[in-house]
Amino acid sequence: IALQLCFLEQVAILFHWQMGWAKLAGPVLLFAHGAQASAAPSCLCLFDVDRTLTGQQNVAAPECPQNQVIPGVKDSAYSGGNLTLSQVGQSLGSTFCSGCFVGIVTAGDVSGPNSQERKALLERFPQSQLLSRQWSGPSSGGEARRACVPADAQSTLVAGCLDGTKQEAAKGILSWLSKQNINISRSAVWHFDDRSNNILGFRGTGMNARQVSCATRDQHEGIGVCGAVLQEVWR
């Protein structure tokens, strides 16, 4: 089981550093317990949205050369703007997650119910691995974020989990899947997120979590800038 933080996120945790926007080195392993999960008959990849599947709105080359701005599609997160997809948000099927079930656990509301952002994100998911297009969680019907509990997850798409509580939604997704006669071990669950507290929350759960957007960080806010890149989605 692995938890992985970006290198300077570890430094910030240890020394409480406050830094400006910076381009950093890649991620390093922070905690590892036992053997890394091997290929399994079933697995589950869960993704944060803001600054993981997306990048900072309207920012592409040269700051985020692999990102794609989607004109006319609103992304209401942070200061708002046109939806801008990270490299992973555009091509999730190019990662190992193309062979796993996929879902979302996010703090925001993904621009609200029936939004074009929600539609655009799900269109780019491997469709055979997306078990539900129904949103659940505190913000499924609009902004109402709070600490999540497992019962909030009534699908593989969960919106509105306060940072640090996303692991509870992940537990709930596994329970929901079991009711669909799909049983996935905790060691075959992978969560990808740009915030360090959402990685640390998975410690002791038996699930895996990796921090992304390590090369581009807004250290004052503790968030990614360009979002996840393909080489950060691995097991």
# chains A, B, ... in the order shown; residues from 1 in each chain; ligands from 1

$ select_by_dssp --residues "stretch 114-206 of chain A" --states "helix (DSSP H, G or I)" --output "PyMOL selection string"
chain A and resi 116-123+127-129+150-152+166-179+186-188+196-200

$ write_last_selection --atoms "N, CA, C and O atoms" --output "compact mmCIF listing (two decimals), in the first residue's frame"
# COMPACT_ATOMS: atom_id res chain seq x y z
N GLN A 116 -22.08 21.70 -17.94
CA GLN A 116 -21.26 21.30 -19.08
C GLN A 116 -19.92 20.76 -18.62
O GLN A 116 -19.32 19.90 -19.29
N GLU A 117 -19.43 21.25 -17.49
CA GLU A 117 -18.16 20.72 -16.98
C GLU A 117 -18.30 19.25 -16.62
O GLU A 117 -17.44 18.42 -16.98
N ARG A 118 -19.35 18.91 -15.89
CA ARG A 118 -19.55 17.50 -15.54
C ARG A 118 -19.62 16.64 -16.79
O ARG A 118 -19.01 15.57 -16.87
N LYS A 119 -20.36 17.11 -17.77
CA LYS A 119 -20.51 16.35 -19.02
C LYS A 119 -19.17 16.19 -19.72
O LYS A 119 -18.82 15.09 -20.17
N ALA A 120 -18.40 17.27 -19.81
CA ALA A 120 -17.12 17.23 -20.53
C ALA A 120 -16.14 16.28 -19.86
O ALA A 120 -15.41 15.55 -20.54
N LEU A 121 -16.10 16.28 -18.53
CA LEU A 121 -15.19 15.39 -17.82
C LEU A 121 -15.55 13.93 -18.07
O LEU A 121 -14.68 13.10 -18.37
N LEU A 122 -16.82 13.61 -17.93
CA LEU A 122 -17.23 12.21 -18.06
C LEU A 122 -17.10 11.70 -19.48
O LEU A 122 -16.86 10.51 -19.70
N GLU A 123 -17.23 12.58 -20.47
CA GLU A 123 -17.05 12.17 -21.87
C GLU A 123 -15.65 11.64 -22.12
O GLU A 123 -15.43 10.85 -23.03
N GLN A 127 -15.44 4.79 -21.12
CA GLN A 127 -16.87 4.60 -20.87
C GLN A 127 -17.20 3.22 -20.30
O GLN A 127 -18.11 3.09 -19.48
N SER A 128 -16.48 2.19 -20.69
CA SER A 128 -16.77 0.85 -20.18
C SER A 128 -16.39 0.71 -18.71
O SER A 128 -16.86 -0.21 -18.03
N GLN A 129 -15.52 1.60 -18.22
CA GLN A 129 -15.09 1.54 -16.82
C GLN A 129 -15.87 2.52 -15.93
O GLN A 129 -15.66 2.56 -14.73
N PRO A 150 -19.08 7.45 4.63
CA PRO A 150 -19.26 6.45 3.56
C PRO A 150 -20.65 6.44 2.93
O PRO A 150 -20.78 6.23 1.72
N ALA A 151 -21.68 6.71 3.72
CA ALA A 151 -23.05 6.66 3.19
C ALA A 151 -23.32 7.72 2.14
O ALA A 151 -24.31 7.64 1.40
N ASP A 152 -22.46 8.75 2.04
CA ASP A 152 -22.65 9.79 1.02
C ASP A 152 -22.43 9.26 -0.39
O ASP A 152 -22.93 9.84 -1.36
N LYS A 166 -12.01 12.64 1.96
CA LYS A 166 -12.31 11.91 0.72
C LYS A 166 -12.15 10.41 0.88
O LYS A 166 -12.82 9.63 0.17
N GLN A 167 -11.32 9.97 1.80
CA GLN A 167 -11.16 8.54 2.03
C GLN A 167 -12.47 7.91 2.50
O GLN A 167 -12.72 6.72 2.23
N GLU A 168 -13.31 8.68 3.17
CA GLU A 168 -14.59 8.13 3.62
C GLU A 168 -15.52 7.88 2.43
O GLU A 168 -16.24 6.87 2.39
N ALA A 169 -15.48 8.77 1.46
CA ALA A 169 -16.25 8.54 0.23
C ALA A 169 -15.72 7.33 -0.52
O ALA A 169 -16.51 6.55 -1.08
N ALA A 170 -14.41 7.17 -0.54
CA ALA A 170 -13.83 6.00 -1.21
C ALA A 170 -14.31 4.70 -0.56
O ALA A 170 -14.64 3.73 -1.26
N LYS A 171 -14.37 4.68 0.76
CA LYS A 171 -14.91 3.50 1.45
C LYS A 171 -16.35 3.26 1.02
O LYS A 171 -16.77 2.12 0.80
N GLY A 172 -17.12 4.35 0.94
CA GLY A 172 -18.52 4.23 0.54
C GLY A 172 -18.69 3.74 -0.88
O GLY A 172 -19.63 2.98 -1.18
N ILE A 173 -17.80 4.16 -1.77
CA ILE A 173 -17.87 3.68 -3.16
C ILE A 173 -17.65 2.17 -3.20
O ILE A 173 -18.33 1.45 -3.93
N LEU A 174 -16.69 1.67 -2.41
CA LEU A 174 -16.48 0.22 -2.37
C LEU A 174 -17.73 -0.50 -1.88
O LEU A 174 -18.08 -1.57 -2.40
N SER A 175 -18.39 0.06 -0.90
CA SER A 175 -19.63 -0.55 -0.40
C SER A 175 -20.72 -0.52 -1.47
O SER A 175 -21.45 -1.50 -1.65
N TRP A 176 -20.82 0.61 -2.16
CA TRP A 176 -21.82 0.72 -3.23
C TRP A 176 -21.53 -0.29 -4.34
O TRP A 176 -22.46 -0.95 -4.84
N LEU A 177 -20.26 -0.45 -4.69
CA LEU A 177 -19.89 -1.41 -5.72
C LEU A 177 -20.23 -2.84 -5.30
O LEU A 177 -20.69 -3.65 -6.11
N SER A 178 -20.02 -3.14 -4.02
CA SER A 178 -20.32 -4.50 -3.55
C SER A 178 -21.81 -4.81 -3.70
O SER A 178 -22.19 -5.96 -3.95
N LYS A 179 -22.65 -3.78 -3.58
CA LYS A 179 -24.09 -3.98 -3.78
C LYS A 179 -24.42 -4.25 -5.25
O LYS A 179 -25.51 -4.75 -5.56
N ARG A 186 -9.39 -3.17 -0.99
CA ARG A 186 -8.88 -1.83 -0.71
C ARG A 186 -7.49 -1.61 -1.30
O ARG A 186 -7.16 -0.50 -1.72
N SER A 187 -6.70 -2.66 -1.35
CA SER A 187 -5.34 -2.50 -1.88
C SER A 187 -5.33 -2.24 -3.38
O SER A 187 -4.30 -1.85 -3.94
N ALA A 188 -6.47 -2.42 -4.04
CA ALA A 188 -6.58 -2.16 -5.48
C ALA A 188 -7.30 -0.86 -5.78
O ALA A 188 -7.76 -0.64 -6.89
N SER A 196 -2.19 17.74 -0.46
CA SER A 196 -1.51 16.78 0.40
C SER A 196 -2.42 16.22 1.48
O SER A 196 -2.31 15.04 1.82
N ASN A 197 -3.33 17.03 2.03
CA ASN A 197 -4.19 16.50 3.10
C ASN A 197 -5.14 15.43 2.59
O ASN A 197 -5.59 14.58 3.37
N ASN A 198 -5.42 15.45 1.30
CA ASN A 198 -6.26 14.39 0.75
C ASN A 198 -5.49 13.10 0.51
O ASN A 198 -6.09 12.03 0.38
N ILE A 199 -4.18 13.18 0.46
CA ILE A 199 -3.34 11.98 0.39
C ILE A 199 -3.16 11.41 1.79
O ILE A 199 -3.35 10.21 2.03
N LEU A 200 -2.83 12.28 2.74
CA LEU A 200 -2.58 11.82 4.10
C LEU A 200 -3.83 11.21 4.73
O LEU A 200 -3.72 10.34 5.60

$ residues_around --residues "A:Trp190" --least-positions-apart "5" --cutoff "7 Å" --atoms "only C-alpha atoms" --output "JSON, numbers by chain"
{"A": [44, 45, 46, 207, 208, 209]}

$ select_by_dssp --residues "stretch 37-154 of chain A" --states "strand (DSSP E or B)" --output "VMD selection string"
chain A and resid 44 to 47 54 68 to 75 81 to 85 101 to 106 135 to 136 146

$ write_last_selection --atoms "N, CA, C and O atoms" --output "mmCIF file, in the first residue's frame"
data_model
loop_
_atom_site.group_PDB
_atom_site.id
_atom_site.type_symbol
_atom_site.label_atom_id
_atom_site.label_comp_id
_atom_site.auth_asym_id
_atom_site.auth_seq_id
_atom_site.Cartn_x
_atom_site.Cartn_y
_atom_site.Cartn_z
ATOM 1 N N LEU A 44 -9.818 0.057 -8.902
ATOM 2 C CA LEU A 44 -10.621 1.267 -8.935
ATOM 3 C C LEU A 44 -9.708 2.479 -8.866
ATOM 4 O O LEU A 44 -8.885 2.592 -7.960
ATOM 5 N N CYS A 45 -9.848 3.393 -9.818
ATOM 6 C CA CYS A 45 -9.119 4.660 -9.816
ATOM 7 C C CYS A 45 -10.096 5.792 -9.516
ATOM 8 O O CYS A 45 -11.106 5.947 -10.215
ATOM 9 N N LEU A 46 -9.788 6.584 -8.512
ATOM 10 C CA LEU A 46 -10.611 7.720 -8.132
ATOM 11 C C LEU A 46 -9.806 8.998 -8.317
ATOM 12 O O LEU A 46 -8.617 9.049 -7.984
ATOM 13 N N PHE A 47 -10.473 10.038 -8.819
ATOM 14 C CA PHE A 47 -9.779 11.282 -9.141
ATOM 15 C C PHE A 47 -10.485 12.475 -8.502
ATOM 16 O O PHE A 47 -11.716 12.584 -8.536
ATOM 17 N N THR A 54 -8.445 18.857 -13.924
ATOM 18 C CA THR A 54 -8.398 20.185 -14.549
ATOM 19 C C THR A 54 -7.117 20.904 -14.136
ATOM 20 O O THR A 54 -6.448 20.505 -13.184
ATOM 21 N N GLN A 68 -5.510 21.780 -22.117
ATOM 22 C CA GLN A 68 -6.429 22.144 -23.192
ATOM 23 C C GLN A 68 -7.567 22.990 -22.634
ATOM 24 O O GLN A 68 -8.318 22.548 -21.761
ATOM 25 N N VAL A 69 -7.703 24.206 -23.146
ATOM 26 C CA VAL A 69 -8.800 25.084 -22.764
ATOM 27 C C VAL A 69 -10.024 24.725 -23.593
ATOM 28 O O VAL A 69 -9.938 24.542 -24.807
ATOM 29 N N ILE A 70 -11.183 24.579 -22.925
ATOM 30 C CA ILE A 70 -12.438 24.258 -23.606
ATOM 31 C C ILE A 70 -13.289 25.529 -23.620
ATOM 32 O O ILE A 70 -13.984 25.835 -22.642
ATOM 33 N N PRO A 71 -13.243 26.309 -24.702
ATOM 34 C CA PRO A 71 -13.971 27.582 -24.727
ATOM 35 C C PRO A 71 -15.472 27.384 -24.541
ATOM 36 O O PRO A 71 -16.072 26.447 -25.070
ATOM 37 N N GLY A 72 -16.057 28.247 -23.742
ATOM 38 C CA GLY A 72 -17.501 28.224 -23.558
ATOM 39 C C GLY A 72 -18.013 27.248 -22.520
ATOM 40 O O GLY A 72 -19.209 27.226 -22.234
ATOM 41 N N VAL A 73 -17.126 26.440 -21.948
ATOM 42 C CA VAL A 73 -17.532 25.523 -20.884
ATOM 43 C C VAL A 73 -17.050 26.100 -19.561
ATOM 44 O O VAL A 73 -15.852 26.215 -19.316
ATOM 45 N N LYS A 74 -17.975 26.456 -18.705
ATOM 46 C CA LYS A 74 -17.670 27.127 -17.443
ATOM 47 C C LYS A 74 -17.113 26.154 -16.416
ATOM 48 O O LYS A 74 -17.610 25.049 -16.252
ATOM 49 N N ASP A 75 -16.061 26.596 -15.729
ATOM 50 C CA ASP A 75 -15.529 25.902 -14.552
ATOM 51 C C ASP A 75 -15.582 26.903 -13.407
ATOM 52 O O ASP A 75 -14.864 27.904 -13.408
ATOM 53 N N GLY A 81 -13.662 30.504 -14.747
ATOM 54 C CA GLY A 81 -13.148 30.697 -16.101
ATOM 55 C C GLY A 81 -13.523 29.527 -16.983
ATOM 56 O O GLY A 81 -14.345 28.682 -16.619
ATOM 57 N N ASN A 82 -12.908 29.473 -18.165
ATOM 58 C CA ASN A 82 -13.157 28.365 -19.073
ATOM 59 C C ASN A 82 -12.530 27.083 -18.533
ATOM 60 O O ASN A 82 -11.398 27.088 -18.031
ATOM 61 N N LEU A 83 -13.270 25.988 -18.634
ATOM 62 C CA LEU A 83 -12.737 24.696 -18.246
ATOM 63 C C LEU A 83 -11.423 24.441 -18.979
ATOM 64 O O LEU A 83 -11.327 24.599 -20.194
ATOM 65 N N THR A 84 -10.422 24.050 -18.216
ATOM 66 C CA THR A 84 -9.106 23.751 -18.779
ATOM 67 C C THR A 84 -8.692 22.379 -18.284
ATOM 68 O O THR A 84 -8.522 22.169 -17.087
ATOM 69 N N LEU A 85 -8.571 21.439 -19.199
ATOM 70 C CA LEU A 85 -8.291 20.057 -18.842
ATOM 71 C C LEU A 85 -6.791 19.820 -18.714
ATOM 72 O O LEU A 85 -5.997 20.268 -19.548
ATOM 73 N N PHE A 101 -12.070 0.220 -12.978
ATOM 74 C CA PHE A 101 -13.238 1.068 -12.847
ATOM 75 C C PHE A 101 -12.752 2.450 -12.431
ATOM 76 O O PHE A 101 -11.720 2.590 -11.758
ATOM 77 N N VAL A 102 -13.483 3.495 -12.834
ATOM 78 C CA VAL A 102 -13.043 4.862 -12.567
ATOM 79 C C VAL A 102 -14.162 5.657 -11.909
ATOM 80 O O VAL A 102 -15.349 5.377 -12.096
ATOM 81 N N GLY A 103 -13.763 6.651 -11.124
ATOM 82 C CA GLY A 103 -14.739 7.503 -10.459
ATOM 83 C C GLY A 103 -14.110 8.804 -10.022
ATOM 84 O O GLY A 103 -12.919 9.056 -10.251
ATOM 85 N N ILE A 104 -14.920 9.632 -9.394
ATOM 86 C CA ILE A 104 -14.498 10.955 -8.935
ATOM 87 C C ILE A 104 -14.869 11.119 -7.468
ATOM 88 O O ILE A 104 -15.972 10.747 -7.056
ATOM 89 N N VAL A 105 -13.943 11.668 -6.700
ATOM 90 C CA VAL A 105 -14.237 12.140 -5.342
ATOM 91 C C VAL A 105 -13.629 13.531 -5.247
ATOM 92 O O VAL A 105 -12.409 13.685 -5.283
ATOM 93 N N THR A 106 -14.475 14.546 -5.145
ATOM 94 C CA THR A 106 -14.000 15.920 -5.212
ATOM 95 C C THR A 106 -14.638 16.776 -4.133
ATOM 96 O O THR A 106 -15.715 16.452 -3.620
ATOM 97 N N TRP A 135 -24.476 11.531 -10.100
ATOM 98 C CA TRP A 135 -23.646 12.145 -9.068
ATOM 99 C C TRP A 135 -24.288 11.959 -7.701
ATOM 100 O O TRP A 135 -25.504 12.013 -7.548
ATOM 101 N N SER A 136 -23.460 11.751 -6.693
ATOM 102 C CA SER A 136 -23.922 11.635 -5.320
ATOM 103 C C SER A 136 -23.032 12.516 -4.440
ATOM 104 O O SER A 136 -22.168 13.230 -4.937
ATOM 105 N N ARG A 146 -19.242 19.391 2.877
ATOM 106 C CA ARG A 146 -19.081 19.086 4.296
ATOM 107 C C ARG A 146 -18.206 17.842 4.405
ATOM 108 O O ARG A 146 -17.813 17.255 3.384
#

$ atom_distance --atom1 "atom CA of A:Pro65" --atom2 "atom CA of A:Leu5"
23.1 Å

$ atom_distance --atom1 "atom CA of A:Val229" --atom2 "atom CA of A:Gly89"
8.6 Å

$ atom_distance --atom1 "atom CA of A:Val212" --atom2 "atom CA of A:Leu230"
9.6 Å

$ residues_around --residues "A:Val88" --least-positions-apart "4" --cutoff "12 Å" --atoms "only C-alpha atoms" --output "MDAnalysis selection string"
chainID A and resid 47:49 51:55 66:68 84 92:98 121 124:126 192:193 212:213 226:234

$ closest_residue --among "A:Asp194, A:Gly108, A:Gly206, A:Gln180" --to "A:Gly160" --atoms "only C-alpha atoms"
A:Gly108

$ closest_residue --among "A:Cys100, A:Ala60, A:Asp50, A:Val158" --to "A:Ser79" --atoms "only C-alpha atoms"
A:Asp50

$ closest_residue --among "A:Ile182, A:Ala107, A:Ile1, A:Cys6" --to "A:Tyr78" --atoms "only C-alpha atoms"
A:Ala107

$ closest_residue --among "A:Arg235, A:Gln4, A:Arg133, A:Gln56" --to "A:Gln211" --atoms "only C-alpha atoms"
A:Gln4
